[in-house]
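Student: Please find final_32.txt (compact mmCIF, C-alpha atoms) on the next line:
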```
# COMPACT_ATOMS: atom_id res chain seq x y z
CA MET A 1026 99.00 -22.33 25.01
CA GLU A 1027 98.06 -25.73 25.65
CA LEU A 1028 94.97 -24.54 27.44
CA VAL A 1029 93.69 -22.71 24.44
CA THR A 1030 94.42 -25.46 21.87
CA PRO A 1031 92.50 -28.63 22.47
CA GLY A 1032 94.03 -32.00 21.98
CA ILE A 1033 93.25 -34.41 19.15
CA GLY A 1034 91.72 -36.96 21.51
CA LEU A 1035 89.34 -34.42 22.95
CA ILE A 1036 88.21 -33.31 19.50
CA PHE A 1037 87.73 -36.94 18.45
CA TRP A 1038 85.57 -37.78 21.48
CA GLN A 1039 83.57 -34.59 21.20
CA THR A 1040 82.87 -35.37 17.55
CA VAL A 1041 81.84 -38.95 18.40
CA VAL A 1042 79.56 -37.77 21.21
CA PHE A 1043 78.10 -35.05 18.97
CA LEU A 1044 77.40 -37.57 16.21
CA LEU A 1045 75.90 -40.01 18.73
CA VAL A 1046 73.65 -37.30 20.20
CA LEU A 1047 72.75 -36.21 16.68
CA PHE A 1048 71.89 -39.81 15.74
CA LEU A 1049 69.80 -40.33 18.90
CA LEU A 1050 68.00 -37.02 18.45
CA GLY A 1051 67.35 -37.85 14.79
CA LYS A 1052 66.14 -41.34 15.66
CA PHE A 1053 63.92 -40.52 18.66
CA ALA A 1054 63.26 -36.77 18.93
CA TRP A 1055 63.21 -35.32 15.44
CA LYS A 1056 60.48 -37.56 14.03
CA PRO A 1057 58.01 -36.78 16.85
CA ILE A 1058 58.96 -33.08 16.70
CA MET A 1059 58.58 -33.02 12.91
CA ASN A 1060 55.30 -34.97 13.12
CA ALA A 1061 54.02 -32.55 15.74
CA LEU A 1062 55.03 -29.60 13.54
CA GLN A 1063 53.34 -31.17 10.50
CA GLU A 1064 50.20 -31.88 12.51
CA ARG A 1065 50.22 -28.34 13.81
CA GLU A 1066 50.73 -26.98 10.28
CA SER A 1067 47.91 -29.14 8.89
CA SER A 1068 45.58 -28.15 11.77
CA ILE A 1069 46.38 -24.47 11.11
CA GLU A 1070 45.71 -24.97 7.38
CA ASN A 1071 42.44 -26.77 8.20
CA ALA A 1072 41.44 -23.99 10.57
CA LEU A 1073 42.26 -21.35 7.93
CA SER A 1074 40.32 -23.21 5.25
CA ALA A 1075 37.38 -23.67 7.66
CA ALA A 1076 37.52 -19.97 8.48
CA GLU A 1077 37.57 -19.10 4.78
CA LYS A 1078 34.69 -21.50 4.17
CA ALA A 1079 32.75 -19.95 7.07
CA LYS A 1080 33.51 -16.49 5.69
CA LEU A 1081 32.18 -17.51 2.27
CA GLU A 1082 29.10 -19.04 3.89
CA MET A 1083 28.53 -15.85 5.88
CA GLN A 1084 28.82 -13.80 2.70
CA ALA A 1085 26.36 -16.13 0.98
CA LEU A 1086 23.98 -15.86 3.95
CA LYS A 1087 24.37 -12.10 3.98
CA ALA A 1088 23.61 -11.98 0.25
CA ASP A 1089 20.58 -14.23 0.80
CA ASN A 1090 19.43 -11.98 3.65
CA GLU A 1091 19.82 -8.89 1.47
CA LYS A 1092 17.89 -10.64 -1.29
CA LEU A 1093 15.13 -11.63 1.13
CA LEU A 1094 15.01 -8.08 2.52
CA ALA A 1095 14.77 -6.68 -1.00
CA GLU A 1096 11.97 -9.13 -1.82
CA ALA A 1097 10.20 -8.26 1.42
CA ARG A 1098 10.49 -4.55 0.63
CA LEU A 1099 9.11 -5.14 -2.86
CA GLU A 1100 6.27 -7.21 -1.42
CA ARG A 1101 5.57 -4.51 1.18
CA ASP A 1102 5.55 -1.82 -1.52
CA LYS A 1103 3.26 -3.96 -3.66
CA ILE A 1104 0.85 -4.54 -0.76
CA LEU A 1105 0.87 -0.84 0.13
CA LYS A 1106 0.23 0.09 -3.50
CA GLU A 1107 -2.62 -2.42 -3.72
CA ALA A 1108 -4.08 -1.10 -0.47
CA THR A 1109 -3.78 2.48 -1.68
CA ASP A 1110 -5.36 1.57 -5.01
CA ALA A 1111 -8.16 -0.29 -3.23
CA ALA A 1112 -8.77 2.67 -0.92
CA ASN A 1113 -8.78 5.08 -3.85
CA SER A 1114 -11.13 2.77 -5.73
CA ILE A 1115 -13.48 2.59 -2.74
CA VAL A 1116 -13.40 6.36 -2.33
CA GLU A 1117 -13.97 6.87 -6.06
CA THR A 1118 -16.85 4.36 -6.05
CA ALA A 1119 -18.38 6.07 -3.02
CA LYS A 1120 -18.06 9.48 -4.73
CA GLN A 1121 -19.61 8.11 -7.89
CA LYS A 1122 -22.48 6.51 -5.96
CA ALA A 1123 -23.01 9.74 -4.00
CA ASN A 1124 -23.03 11.75 -7.24
CA GLU A 1125 -25.46 9.30 -8.84
CA GLU A 1126 -27.69 9.36 -5.74
CA GLY A 1127 -27.55 13.17 -5.67
CA ALA A 1128 -28.39 13.38 -9.35
CA ARG A 1129 -31.24 10.90 -8.84
CA MET A 1130 -32.59 12.90 -5.89
CA ILE A 1131 -32.33 16.15 -7.87
CA GLU A 1132 -34.14 14.52 -10.78
CA GLN A 1133 -36.85 13.23 -8.44
CA ALA A 1134 -37.18 16.70 -6.90
CA ARG A 1135 -37.47 18.25 -10.37
CA GLU A 1136 -40.10 15.70 -11.36
CA SER A 1137 -41.97 16.31 -8.12
CA ILE A 1138 -41.82 20.08 -8.63
CA GLU A 1139 -42.94 19.68 -12.24
CA ASN A 1140 -45.83 17.42 -11.17
CA GLU A 1141 -46.87 19.85 -8.45
CA LYS A 1142 -46.62 22.73 -10.95
CA ARG A 1143 -48.80 20.86 -13.41
CA ALA A 1144 -51.26 20.01 -10.64
CA ALA A 1145 -51.35 23.67 -9.53
CA ILE A 1146 -51.84 24.88 -13.10
CA THR A 1147 -54.57 22.30 -13.64
CA GLU A 1148 -56.23 23.36 -10.39
CA VAL A 1149 -56.04 27.04 -11.41
CA LYS A 1150 -57.50 26.19 -14.82
CA ASN A 1151 -60.25 24.17 -13.19
CA MET A 1152 -60.99 27.00 -10.77
CA ALA A 1153 -61.03 29.54 -13.63
CA ALA A 1154 -63.30 27.30 -15.64
CA SER A 1155 -65.56 26.75 -12.65
CA LEU A 1156 -65.72 30.48 -11.93
CA SER A 1157 -66.36 31.22 -15.56
CA LEU A 1158 -69.17 28.71 -15.60
CA GLU A 1159 -70.64 30.14 -12.40
CA ILE A 1160 -70.44 33.67 -13.79
CA ALA A 1161 -71.93 32.56 -17.08
CA GLU A 1162 -74.64 30.64 -15.27
CA GLN A 1163 -75.51 33.62 -13.10
CA ILE A 1164 -75.52 35.90 -16.13
CA LEU A 1165 -77.72 33.54 -18.07
CA ARG A 1166 -80.11 33.08 -15.19
CA LYS A 1167 -80.81 36.67 -15.03
CA GLU A 1168 -82.53 37.60 -18.12
CA LEU A 1169 -81.31 41.00 -18.85
CA SER A 1170 -82.45 42.81 -21.88
CA ASP A 1171 -80.03 45.62 -21.56
CA LYS A 1172 -76.45 45.21 -22.65
CA ASN A 1173 -75.18 47.79 -20.17
CA ALA A 1174 -76.86 45.95 -17.35
CA GLN A 1175 -75.18 42.71 -18.44
CA GLN A 1176 -71.78 44.39 -18.45
CA ALA A 1177 -72.36 45.96 -15.07
CA LEU A 1178 -73.36 42.57 -13.69
CA ALA A 1179 -70.28 40.91 -15.18
CA GLN A 1180 -68.08 43.64 -13.67
CA GLU A 1181 -69.70 43.11 -10.32
CA TYR A 1182 -69.11 39.36 -10.43
CA ILE A 1183 -65.50 39.87 -11.44
CA ARG A 1184 -64.99 42.14 -8.46
CA GLU A 1185 -66.54 39.49 -6.20
CA VAL A 1186 -64.27 36.83 -7.65
CA THR A 1187 -61.08 38.89 -7.16
CA LEU A 1188 -62.09 39.63 -3.61
CA ASN A 1189 -62.49 35.97 -2.74
```
Can I see the file as structure tokens?

Tutor:
Amino acid sequence: MELVTPGIGLIFWQTVVFLLVLFLLGKFAWKPIMNALQERESSIENALSAAEKAKLEMQALKADNEKLLAEARLERDKILKEATDAANSIVETAKQKANEEGARMIEQARESIENEKRAAITEVKNMAASLSLEIAEQILRKELSDKNAQQALAQEYIREVTLN
């Protein structure tokens, strides 16, 4: 049983060596290991905070882009509306000018027709007056004593006039 139970001297020296190794590790290895772990932890925290900051910046940029897109859409809609209104205004103005020009041309045509009608009526009146004067002159030239002869002559002249 001696093999299974260690001796007091062995336990003492194992404890001393363990404590010495523990002291040496604590003095020389643990500080650099702990510093390396702390540096690693701080670099991970910095990387996470930088990633969070970048994420927030991306969200802000995305919001700004959406805002700019919305403003651009509004500006586009405004320009399209103005262009449509301008086109409608031009078309309406052109229609109005065409209607005014048409009305003016119709009025000129009416005036021209009225003037020609007056001229034709005046010419007919002048011709009737001239014919009447000619007939009267011819009747007066001929000195007729008989009333029936005068009427027959007038009828003859009227027939001549209608034939011409």

Student: What is the atom CA of A:Ile1160-atom CA of A:Leu1178 distance in Å, reported with one decimal?

Tutor: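 Rounded to one decimal, the two atoms are 9.4 Å apart.
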
Student: Work out how far apart atom CA of A:Asn1140 and atom CA of A:Glu1126 are and give it in Å to one decimal.

Tutor: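 According to the coordinates, atom CA of A:Asn1140 and atom CA of A:Glu1126 are separated by 20.6 Å.
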
Student: Separation of atom CA of A:Gly1032 and atom CA of A:Leu1047, in Å?

Tutor: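 Computed distance, atom CA of A:Gly1032 to atom CA of A:Leu1047, equals 22.3 Å.
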